[in-house]
Every structure is written in C-alpha cells, then in structure tokens.
Amino acid sequence: MTRMLIPRFDIALRPSRSLFDAWLDPYRYTVECEDWMPASDIAETEKAYVVTMDLPGIDMKKTDISFTEGVLTVKGEKAKESMEGECCHCAERYSGSFQRSFRVPGKVDRDKIDATYKDGILKLMLPKAEESMPKKITVH
C-alpha cells in the first residue's frame, strides 16, 4: 500500500512552457500560498503540556495568546518585508496573519501558564492542574 503525503498548504505552481525552460530560468515559477499556519509541536510531560511554535520574524508585542475553556489560541501577523520600488521575482517566505488553536485534553493551572520567545521559537508551558496529574495508588 502506497502512502500519500498531503502538504500543509495548497501551493499553486504556474509552470513555464517546459520543464527545461524552468530549469534554465527558475524565476518563471511563482508560488502562491493562500494561508499561513506556523509549524507547531505539542507535547505532554507528567506535570505540563508544552506547545512549541516556529514564529520567526514575529513581533510578540503584536501577538495575542489566550487560554479559554480548555483552548489555547495564538494569533499574530508577520509583515511582508519589501523596499520601495522593489519588484519581487520569487517570494517563498510567508507573511500575513495567522491563528492557531489547540484543545488541551486536561485541566490547566491558568495562573501558572508561561510563555517564552527565543530565536524565533515560541514555547508555552501549560502546567497541569492538581486534579489532572496522575495519582499513584499504593496497594496495601
């Protein structure tokens, strides 16, 4: 059985006359991306849920992070960088607004949620509430 990989975003390629022409002139291909969704990892430890997002070039002062009714939401925007009079031949870096929401399976201690941003990586630590932590039961 063959497994098919499905890309995260729809990318429309507009080919030139032939593959050979494109190889000689790579600027004949343009890529259009309708939606941008930052890559994210979600992990769980014994004491916390950890969400890590790739957000290079994002101004954290303009980013909204909220936790409501068991859902973590991160909203922001990445501005397109360009100079006046610039004519872009190829644009592969994403820009524009984004929103990611994650449902957290257990109860979280909302007052202890911590967020750090370093080298373009946003890391959110959502400590589990006492009632969500595993309880060891001793047999007598």
# chains A, B, ... in the order shown; residues from 1 in each chain; ligands from 1
$ residues_around --residues "segment 96-108 of chain A" --least-positions-apart "6" --cutoff "8 Å" --atoms "only C-alpha atoms" --output "ChimeraX atom specification"
/A:35-38,49,70-80,126-129,131-132
$ write_last_selection --atoms "N, CA, C and O atoms" --output "short mmCIF file (atom, residue, chain, number, x, y, z; two decimals), in the first residue's frame"
data_model
loop_
_atom_site.label_atom_id
_atom_site.label_comp_id
_atom_site.auth_asym_id
_atom_site.auth_seq_id
_atom_site.Cartn_x
_atom_site.Cartn_y
_atom_site.Cartn_z
N ASP A 35 -2.93 30.47 2.71
CA ASP A 35 -2.96 30.53 4.17
C ASP A 35 -1.60 30.19 4.73
O ASP A 35 -0.89 29.36 4.19
N TRP A 36 -1.29 30.83 5.83
CA TRP A 36 -0.04 30.54 6.51
C TRP A 36 -0.38 30.00 7.89
O TRP A 36 -1.16 30.58 8.62
N MET A 37 0.18 28.84 8.21
CA MET A 37 -0.06 28.23 9.50
C MET A 37 1.30 27.83 10.07
O MET A 37 1.93 26.90 9.54
N PRO A 38 1.77 28.52 11.11
CA PRO A 38 3.09 28.19 11.66
C PRO A 38 3.16 26.74 12.14
O PRO A 38 2.21 26.22 12.72
N TYR A 49 1.67 20.52 29.80
CA TYR A 49 1.53 20.42 28.36
C TYR A 49 2.48 21.47 27.78
O TYR A 49 2.59 22.57 28.32
N GLY A 70 -10.31 25.61 28.03
CA GLY A 70 -9.53 24.48 27.58
C GLY A 70 -8.92 24.62 26.20
O GLY A 70 -8.37 23.67 25.66
N VAL A 71 -9.01 25.82 25.60
CA VAL A 71 -8.47 26.03 24.26
C VAL A 71 -7.39 27.12 24.31
O VAL A 71 -7.64 28.24 24.75
N LEU A 72 -6.19 26.76 23.84
CA LEU A 72 -5.09 27.71 23.72
C LEU A 72 -5.13 28.28 22.31
O LEU A 72 -5.20 27.54 21.33
N THR A 73 -5.12 29.62 22.20
CA THR A 73 -5.16 30.28 20.89
C THR A 73 -4.01 31.26 20.78
O THR A 73 -3.75 32.03 21.69
N VAL A 74 -3.31 31.20 19.64
CA VAL A 74 -2.22 32.12 19.35
C VAL A 74 -2.56 32.81 18.04
O VAL A 74 -2.78 32.16 17.02
N LYS A 75 -2.64 34.17 18.09
CA LYS A 75 -2.94 34.98 16.90
C LYS A 75 -1.81 35.97 16.69
O LYS A 75 -1.27 36.51 17.65
N GLY A 76 -1.47 36.20 15.45
CA GLY A 76 -0.44 37.18 15.16
C GLY A 76 -0.36 37.50 13.69
O GLY A 76 -1.20 37.08 12.90
N GLU A 77 0.67 38.25 13.35
CA GLU A 77 0.86 38.65 11.97
C GLU A 77 2.34 38.83 11.68
O GLU A 77 3.09 39.32 12.53
N LYS A 78 2.73 38.43 10.49
CA LYS A 78 4.10 38.63 10.04
C LYS A 78 4.04 39.59 8.86
O LYS A 78 3.42 39.30 7.83
N ALA A 79 4.68 40.74 9.02
CA ALA A 79 4.66 41.75 7.98
C ALA A 79 5.57 41.35 6.82
O ALA A 79 6.63 40.75 7.03
N LYS A 80 5.15 41.67 5.62
CA LYS A 80 5.97 41.41 4.44
C LYS A 80 7.04 42.49 4.37
O LYS A 80 6.75 43.67 4.47
N LEU A 126 2.09 24.91 29.85
CA LEU A 126 0.78 24.92 30.49
C LEU A 126 0.78 23.87 31.59
O LEU A 126 0.56 22.68 31.32
N PRO A 127 1.06 24.29 32.83
CA PRO A 127 1.12 23.33 33.93
C PRO A 127 -0.24 22.67 34.18
O PRO A 127 -1.27 23.32 34.13
N LYS A 128 -0.19 21.38 34.41
CA LYS A 128 -1.42 20.65 34.70
C LYS A 128 -1.93 21.04 36.08
O LYS A 128 -1.15 21.23 37.01
N ALA A 129 -3.26 21.13 36.20
CA ALA A 129 -3.87 21.36 37.50
C ALA A 129 -3.72 20.08 38.32
O ALA A 129 -3.57 18.99 37.77
N GLU A 131 -5.70 18.15 39.83
CA GLU A 131 -6.62 17.06 39.53
C GLU A 131 -6.34 16.37 38.19
O GLU A 131 -6.84 15.29 37.93
N SER A 132 -5.52 16.98 37.33
CA SER A 132 -5.17 16.37 36.05
C SER A 132 -3.91 15.52 36.11
O SER A 132 -3.63 14.76 35.19
#
$ atom_distance --atom1 "atom CA of Ser66 of chain A" --atom2 "atom CA of Lys47 of chain A"
20.1 Å
$ atom_distance --atom1 "atom CA of Phe67 of chain A" --atom2 "atom CA of Lys123 of chain A"
14.3 Å
$ residues_around --residues "Ser82 of chain A" --least-positions-apart "5" --cutoff "12 Å" --atoms "only C-alpha atoms" --output "MDAnalysis selection string"
chainID A and resid 87:88 91 93 95
$ write_last_selection --atoms "N, CA, C and O atoms" --output "PDB file, in the first residue's frame"
ATOM      1  N   CYS A  87      10.708  45.080  -7.146  1.00  0.00           N
ATOM      2  CA  CYS A  87       9.929  44.173  -7.984  1.00  0.00           C
ATOM      3  C   CYS A  87      10.319  42.750  -7.588  1.00  0.00           C
ATOM      4  O   CYS A  87      11.450  42.333  -7.808  1.00  0.00           O
ATOM      5  N   CYS A  88       9.406  42.023  -6.992  1.00  0.00           N
ATOM      6  CA  CYS A  88       9.696  40.687  -6.475  1.00  0.00           C
ATOM      7  C   CYS A  88       9.566  39.637  -7.579  1.00  0.00           C
ATOM      8  O   CYS A  88       8.547  39.559  -8.256  1.00  0.00           O
ATOM      9  N   ALA A  91       8.898  34.848  -4.179  1.00  0.00           N
ATOM     10  CA  ALA A  91       8.592  35.067  -2.763  1.00  0.00           C
ATOM     11  C   ALA A  91       8.218  33.731  -2.140  1.00  0.00           C
ATOM     12  O   ALA A  91       7.164  33.173  -2.441  1.00  0.00           O
ATOM     13  N   ARG A  93       8.908  33.190   1.403  1.00  0.00           N
ATOM     14  CA  ARG A  93       8.693  33.371   2.834  1.00  0.00           C
ATOM     15  C   ARG A  93       7.257  33.822   3.077  1.00  0.00           C
ATOM     16  O   ARG A  93       6.713  34.610   2.328  1.00  0.00           O
ATOM     17  N   SER A  95       3.983  35.523   4.877  1.00  0.00           N
ATOM     18  CA  SER A  95       3.628  36.742   5.586  1.00  0.00           C
ATOM     19  C   SER A  95       2.113  36.785   5.698  1.00  0.00           C
ATOM     20  O   SER A  95       1.409  36.043   5.031  1.00  0.00           O
TER      21      SER A  95
END
$ atom_distance --atom1 "atom CA of Ile65 of chain A" --atom2 "atom CA of Glu44 of chain A"
19.2 Å
$ select_by_dssp --residues "segment 22-131 of chain A" --states "helix (DSSP H, G or I)" --output "PDB file with N, CA, C and O atoms, in the first residue's frame"
ATOM      1  N   ALA A  22      12.115  25.998 -17.342  1.00  0.00           N
ATOM      2  CA  ALA A  22      12.086  26.337 -15.919  1.00  0.00           C
ATOM      3  C   ALA A  22      13.433  26.083 -15.266  1.00  0.00           C
ATOM      4  O   ALA A  22      13.858  26.814 -14.376  1.00  0.00           O
ATOM      5  N   TRP A  23      14.115  25.032 -15.725  1.00  0.00           N
ATOM      6  CA  TRP A  23      15.423  24.727 -15.157  1.00  0.00           C
ATOM      7  C   TRP A  23      16.417  25.826 -15.492  1.00  0.00           C
ATOM      8  O   TRP A  23      17.224  26.224 -14.671  1.00  0.00           O
ATOM      9  N   LEU A  24      16.332  26.356 -16.696  1.00  0.00           N
ATOM     10  CA  LEU A  24      17.230  27.431 -17.107  1.00  0.00           C
ATOM     11  C   LEU A  24      16.860  28.757 -16.451  1.00  0.00           C
ATOM     12  O   LEU A  24      17.716  29.587 -16.186  1.00  0.00           O
ATOM     13  N   PRO A  26      14.698  29.757 -13.279  1.00  0.00           N
ATOM     14  CA  PRO A  26      13.845  29.385 -12.141  1.00  0.00           C
ATOM     15  C   PRO A  26      12.837  30.465 -11.762  1.00  0.00           C
ATOM     16  O   PRO A  26      11.866  30.194 -11.083  1.00  0.00           O
ATOM     17  N   TYR A  27      13.023  31.698 -12.209  1.00  0.00           N
ATOM     18  CA  TYR A  27      12.088  32.764 -11.861  1.00  0.00           C
ATOM     19  C   TYR A  27      10.785  32.688 -12.652  1.00  0.00           C
ATOM     20  O   TYR A  27       9.873  33.448 -12.434  1.00  0.00           O
ATOM     21  N   ARG A  28      10.686  31.748 -13.598  1.00  0.00           N
ATOM     22  CA  ARG A  28       9.440  31.580 -14.322  1.00  0.00           C
ATOM     23  C   ARG A  28       8.385  30.892 -13.452  1.00  0.00           C
ATOM     24  O   ARG A  28       7.217  30.911 -13.768  1.00  0.00           O
ATOM     25  N   MET A  60       6.301  39.842  19.073  1.00  0.00           N
ATOM     26  CA  MET A  60       5.491  39.277  20.157  1.00  0.00           C
ATOM     27  C   MET A  60       4.606  40.331  20.826  1.00  0.00           C
ATOM     28  O   MET A  60       3.584  39.987  21.426  1.00  0.00           O
ATOM     29  N   LYS A  61       4.945  41.622  20.695  1.00  0.00           N
ATOM     30  CA  LYS A  61       4.105  42.677  21.263  1.00  0.00           C
ATOM     31  C   LYS A  61       2.779  42.793  20.515  1.00  0.00           C
ATOM     32  O   LYS A  61       1.808  43.299  21.046  1.00  0.00           O
ATOM     33  N   LYS A  62       2.751  42.299  19.276  1.00  0.00           N
ATOM     34  CA  LYS A  62       1.539  42.348  18.464  1.00  0.00           C
ATOM     35  C   LYS A  62       0.873  40.981  18.357  1.00  0.00           C
ATOM     36  O   LYS A  62       0.013  40.767  17.513  1.00  0.00           O
ATOM     37  N   ARG A 110      -4.277  27.799  35.097  1.00  0.00           N
ATOM     38  CA  ARG A 110      -4.231  29.015  34.263  1.00  0.00           C
ATOM     39  C   ARG A 110      -3.289  30.080  34.798  1.00  0.00           C
ATOM     40  O   ARG A 110      -2.676  30.811  34.023  1.00  0.00           O
ATOM     41  N   ASP A 111      -3.175  30.189  36.106  1.00  0.00           N
ATOM     42  CA  ASP A 111      -2.348  31.243  36.706  1.00  0.00           C
ATOM     43  C   ASP A 111      -0.856  30.995  36.541  1.00  0.00           C
ATOM     44  O   ASP A 111      -0.046  31.893  36.761  1.00  0.00           O
ATOM     45  N   LYS A 112      -0.467  29.788  36.147  1.00  0.00           N
ATOM     46  CA  LYS A 112       0.954  29.453  36.027  1.00  0.00           C
ATOM     47  C   LYS A 112       1.402  29.218  34.583  1.00  0.00           C
ATOM     48  O   LYS A 112       2.511  28.750  34.353  1.00  0.00           O
ATOM     49  N   GLU A 130      -3.739  20.200  39.608  1.00  0.00           N
ATOM     50  CA  GLU A 130      -3.523  19.063  40.512  1.00  0.00           C
ATOM     51  C   GLU A 130      -4.427  17.877  40.165  1.00  0.00           C
ATOM     52  O   GLU A 130      -3.981  16.737  40.148  1.00  0.00           O
ATOM     53  N   GLU A 131      -5.699  18.153  39.826  1.00  0.00           N
ATOM     54  CA  GLU A 131      -6.625  17.059  39.533  1.00  0.00           C
ATOM     55  C   GLU A 131      -6.341  16.372  38.191  1.00  0.00           C
ATOM     56  O   GLU A 131      -6.844  15.288  37.933  1.00  0.00           O
TER      57      GLU A 131
END
$ select_by_dssp --residues "segment 32-138 of chain A" --states "strand (DSSP E or B)" --output "ChimeraX atom specification"
/A:32-33,40-44,48-54,64-68,71-78,96-103,108,114-118,121-128
$ write_last_selection --atoms "N, CA and C atoms" --output "short mmCIF file (atom, residue, chain, number, x, y, z; two decimals), in the first residue's frame"
data_model
loop_
_atom_site.label_atom_id
_atom_site.label_comp_id
_atom_site.auth_asym_id
_atom_site.auth_seq_id
_atom_site.Cartn_x
_atom_site.Cartn_y
_atom_site.Cartn_z
N GLU A 32 2.22 30.67 -4.90
CA GLU A 32 1.22 31.44 -4.19
C GLU A 32 0.71 30.60 -3.03
N CYS A 33 0.73 31.15 -1.84
CA CYS A 33 0.25 30.45 -0.64
C CYS A 33 -0.92 31.24 -0.07
N SER A 40 3.91 23.70 14.46
CA SER A 40 3.78 23.61 15.91
C SER A 40 4.00 22.18 16.38
N ASP A 41 4.54 22.06 17.58
CA ASP A 41 4.67 20.77 18.26
C ASP A 41 3.89 20.85 19.56
N ILE A 42 3.24 19.76 19.91
CA ILE A 42 2.52 19.67 21.18
C ILE A 42 3.02 18.44 21.90
N ALA A 43 3.44 18.63 23.14
CA ALA A 43 3.97 17.52 23.93
C ALA A 43 3.33 17.55 25.32
N GLU A 44 3.50 16.45 26.01
CA GLU A 44 2.96 16.34 27.37
C GLU A 44 4.01 15.70 28.26
N ALA A 48 3.07 18.98 32.81
CA ALA A 48 2.65 20.09 31.95
C ALA A 48 2.40 19.66 30.51
N TYR A 49 1.67 20.52 29.80
CA TYR A 49 1.53 20.42 28.36
C TYR A 49 2.48 21.47 27.78
N VAL A 50 3.16 21.14 26.70
CA VAL A 50 4.15 22.05 26.12
C VAL A 50 3.79 22.26 24.65
N VAL A 51 3.61 23.53 24.26
CA VAL A 51 3.33 23.88 22.87
C VAL A 51 4.50 24.72 22.37
N THR A 52 5.10 24.29 21.26
CA THR A 52 6.23 25.00 20.67
C THR A 52 5.85 25.38 19.24
N MET A 53 6.05 26.65 18.89
CA MET A 53 5.67 27.14 17.56
C MET A 53 6.84 27.86 16.90
N ASP A 54 7.02 27.61 15.60
CA ASP A 54 8.01 28.33 14.81
C ASP A 54 7.41 29.66 14.38
N ASP A 64 -1.31 37.87 20.14
CA ASP A 64 -2.30 37.63 21.19
C ASP A 64 -2.32 36.14 21.52
N ILE A 65 -2.05 35.83 22.78
CA ILE A 65 -2.08 34.45 23.26
C ILE A 65 -3.13 34.38 24.36
N SER A 66 -4.09 33.45 24.21
CA SER A 66 -5.14 33.33 25.22
C SER A 66 -5.43 31.86 25.51
N PHE A 67 -5.99 31.63 26.70
CA PHE A 67 -6.42 30.29 27.11
C PHE A 67 -7.82 30.42 27.69
N THR A 68 -8.80 29.88 26.98
CA THR A 68 -10.19 29.99 27.39
C THR A 68 -10.89 28.65 27.23
N VAL A 71 -9.01 25.82 25.60
CA VAL A 71 -8.47 26.03 24.26
C VAL A 71 -7.39 27.12 24.31
N LEU A 72 -6.19 26.76 23.84
CA LEU A 72 -5.09 27.71 23.72
C LEU A 72 -5.13 28.28 22.31
N THR A 73 -5.12 29.62 22.20
CA THR A 73 -5.16 30.28 20.89
C THR A 73 -4.01 31.26 20.78
N VAL A 74 -3.31 31.20 19.64
CA VAL A 74 -2.22 32.12 19.35
C VAL A 74 -2.56 32.81 18.04
N LYS A 75 -2.64 34.17 18.09
CA LYS A 75 -2.94 34.98 16.90
C LYS A 75 -1.81 35.97 16.69
N GLY A 76 -1.47 36.20 15.45
CA GLY A 76 -0.44 37.18 15.16
C GLY A 76 -0.36 37.50 13.69
N GLU A 77 0.67 38.25 13.35
CA GLU A 77 0.86 38.65 11.97
C GLU A 77 2.34 38.83 11.68
N LYS A 78 2.73 38.43 10.49
CA LYS A 78 4.10 38.63 10.04
C LYS A 78 4.04 39.59 8.86
N GLY A 96 1.64 37.67 6.55
CA GLY A 96 0.20 37.81 6.75
C GLY A 96 -0.19 37.35 8.15
N SER A 97 -1.48 37.35 8.39
CA SER A 97 -1.98 36.98 9.72
C SER A 97 -2.15 35.47 9.83
N PHE A 98 -2.13 35.00 11.06
CA PHE A 98 -2.34 33.58 11.33
C PHE A 98 -3.08 33.43 12.64
N GLN A 99 -3.69 32.28 12.82
CA GLN A 99 -4.32 31.92 14.09
C GLN A 99 -4.25 30.41 14.24
N ARG A 100 -3.76 29.96 15.37
CA ARG A 100 -3.73 28.53 15.69
C ARG A 100 -4.44 28.33 17.02
N SER A 101 -5.27 27.31 17.10
CA SER A 101 -5.97 26.97 18.34
C SER A 101 -5.76 25.49 18.63
N PHE A 102 -5.54 25.18 19.90
CA PHE A 102 -5.28 23.80 20.33
C PHE A 102 -6.15 23.51 21.54
N ARG A 103 -6.90 22.41 21.49
CA ARG A 103 -7.68 21.99 22.66
C ARG A 103 -6.78 21.17 23.56
N VAL A 108 -5.79 22.76 33.24
CA VAL A 108 -4.55 23.52 33.30
C VAL A 108 -4.64 24.54 34.43
N ASP A 114 3.15 29.83 31.24
CA ASP A 114 4.35 30.61 30.97
C ASP A 114 4.65 30.60 29.47
N ALA A 115 5.06 31.75 28.94
CA ALA A 115 5.41 31.86 27.52
C ALA A 115 6.79 32.48 27.38
N THR A 116 7.63 31.87 26.54
CA THR A 116 8.95 32.42 26.25
C THR A 116 9.14 32.45 24.73
N TYR A 117 9.92 33.42 24.27
CA TYR A 117 10.20 33.57 22.84
C TYR A 117 11.69 33.80 22.67
N LYS A 118 12.34 32.88 21.95
CA LYS A 118 13.78 32.99 21.73
C LYS A 118 14.12 32.42 20.36
N ILE A 121 11.35 31.05 18.17
CA ILE A 121 10.56 29.92 18.69
C ILE A 121 9.76 30.38 19.90
N LEU A 122 8.43 30.21 19.83
CA LEU A 122 7.55 30.49 20.95
C LEU A 122 7.32 29.19 21.70
N LYS A 123 7.56 29.20 23.01
CA LYS A 123 7.36 28.00 23.83
C LYS A 123 6.37 28.35 24.93
N LEU A 124 5.28 27.59 24.99
CA LEU A 124 4.25 27.78 26.00
C LEU A 124 4.22 26.58 26.93
N MET A 125 4.33 26.83 28.21
CA MET A 125 4.26 25.78 29.22
C MET A 125 2.92 25.94 29.94
N LEU A 126 2.09 24.91 29.85
CA LEU A 126 0.78 24.92 30.49
C LEU A 126 0.78 23.87 31.59
N PRO A 127 1.06 24.29 32.83
CA PRO A 127 1.12 23.33 33.93
C PRO A 127 -0.24 22.67 34.18
N LYS A 128 -0.19 21.38 34.41
CA LYS A 128 -1.42 20.65 34.70
C LYS A 128 -1.93 21.04 36.08
#
$ decode --residues "segment 51-68 of chain A" --atoms "N, CA, C and O atoms" --output "JSON list (two decimals), in the first residue's frame"
[["chain", "number", "residue", "atom", "x", "y", "z"],
["A", 51, "VAL", "N", 3.61, 23.53, 24.26],
["A", 51, "VAL", "CA", 3.33, 23.88, 22.87],
["A", 51, "VAL", "C", 4.50, 24.72, 22.37],
["A", 51, "VAL", "O", 4.86, 25.72, 22.98],
["A", 52, "THR", "N", 5.10, 24.29, 21.26],
["A", 52, "THR", "CA", 6.23, 25.00, 20.67],
["A", 52, "THR", "C", 5.85, 25.38, 19.24],
["A", 52, "THR", "O", 5.36, 24.53, 18.49],
["A", 53, "MET", "N", 6.05, 26.65, 18.89],
["A", 53, "MET", "CA", 5.67, 27.14, 17.56],
["A", 53, "MET", "C", 6.84, 27.86, 16.90],
["A", 53, "MET", "O", 7.54, 28.63, 17.54],
["A", 54, "ASP", "N", 7.02, 27.61, 15.60],
["A", 54, "ASP", "CA", 8.01, 28.33, 14.81],
["A", 54, "ASP", "C", 7.41, 29.66, 14.38],
["A", 54, "ASP", "O", 6.49, 29.69, 13.55],
["A", 55, "LEU", "N", 7.92, 30.77, 14.93],
["A", 55, "LEU", "CA", 7.39, 32.09, 14.61],
["A", 55, "LEU", "C", 8.53, 33.08, 14.32],
["A", 55, "LEU", "O", 8.62, 34.13, 14.96],
["A", 56, "PRO", "N", 9.41, 32.78, 13.37],
["A", 56, "PRO", "CA", 10.50, 33.71, 13.09],
["A", 56, "PRO", "C", 9.97, 35.02, 12.52],
["A", 56, "PRO", "O", 9.05, 35.03, 11.71],
["A", 57, "GLY", "N", 10.55, 36.12, 12.98],
["A", 57, "GLY", "CA", 10.18, 37.43, 12.47],
["A", 57, "GLY", "C", 8.87, 37.99, 13.00],
["A", 57, "GLY", "O", 8.38, 38.99, 12.51],
["A", 58, "ILE", "N", 8.30, 37.36, 14.01],
["A", 58, "ILE", "CA", 7.02, 37.82, 14.56],
["A", 58, "ILE", "C", 7.29, 38.75, 15.74],
["A", 58, "ILE", "O", 8.11, 38.46, 16.62],
["A", 59, "ASP", "N", 6.57, 39.88, 15.76],
["A", 59, "ASP", "CA", 6.67, 40.82, 16.87],
["A", 59, "ASP", "C", 5.73, 40.32, 17.98],
["A", 59, "ASP", "O", 4.50, 40.35, 17.83],
["A", 60, "MET", "N", 6.30, 39.84, 19.07],
["A", 60, "MET", "CA", 5.49, 39.28, 20.16],
["A", 60, "MET", "C", 4.61, 40.33, 20.83],
["A", 60, "MET", "O", 3.58, 39.99, 21.43],
["A", 61, "LYS", "N", 4.94, 41.62, 20.70],
["A", 61, "LYS", "CA", 4.11, 42.68, 21.26],
["A", 61, "LYS", "C", 2.78, 42.79, 20.52],
["A", 61, "LYS", "O", 1.81, 43.30, 21.05],
["A", 62, "LYS", "N", 2.75, 42.30, 19.28],
["A", 62, "LYS", "CA", 1.54, 42.35, 18.46],
["A", 62, "LYS", "C", 0.87, 40.98, 18.36],
["A", 62, "LYS", "O", 0.01, 40.77, 17.51],
["A", 63, "THR", "N", 1.29, 40.06, 19.21],
["A", 63, "THR", "CA", 0.76, 38.70, 19.19],
["A", 63, "THR", "C", -0.19, 38.53, 20.38],
["A", 63, "THR", "O", 0.09, 38.99, 21.47],
["A", 64, "ASP", "N", -1.31, 37.87, 20.14],
["A", 64, "ASP", "CA", -2.30, 37.63, 21.19],
["A", 64, "ASP", "C", -2.32, 36.14, 21.52],
["A", 64, "ASP", "O", -2.55, 35.31, 20.64],
["A", 65, "ILE", "N", -2.05, 35.83, 22.78],
["A", 65, "ILE", "CA", -2.08, 34.45, 23.26],
["A", 65, "ILE", "C", -3.13, 34.38, 24.36],
["A", 65, "ILE", "O", -3.09, 35.16, 25.31],
["A", 66, "SER", "N", -4.09, 33.45, 24.21],
["A", 66, "SER", "CA", -5.14, 33.33, 25.22],
["A", 66, "SER", "C", -5.43, 31.86, 25.51],
["A", 66, "SER", "O", -5.18, 30.98, 24.70],
["A", 67, "PHE", "N", -5.99, 31.63, 26.70],
["A", 67, "PHE", "CA", -6.42, 30.29, 27.11],
["A", 67, "PHE", "C", -7.82, 30.42, 27.69],
["A", 67, "PHE", "O", -8.00, 31.03, 28.74],
["A", 68, "THR", "N", -8.80, 29.88, 26.98],
["A", 68, "THR", "CA", -10.19, 29.99, 27.39],
["A", 68, "THR", "C", -10.89, 28.65, 27.23],
["A", 68, "THR", "O", -10.85, 28.06, 26.15]]
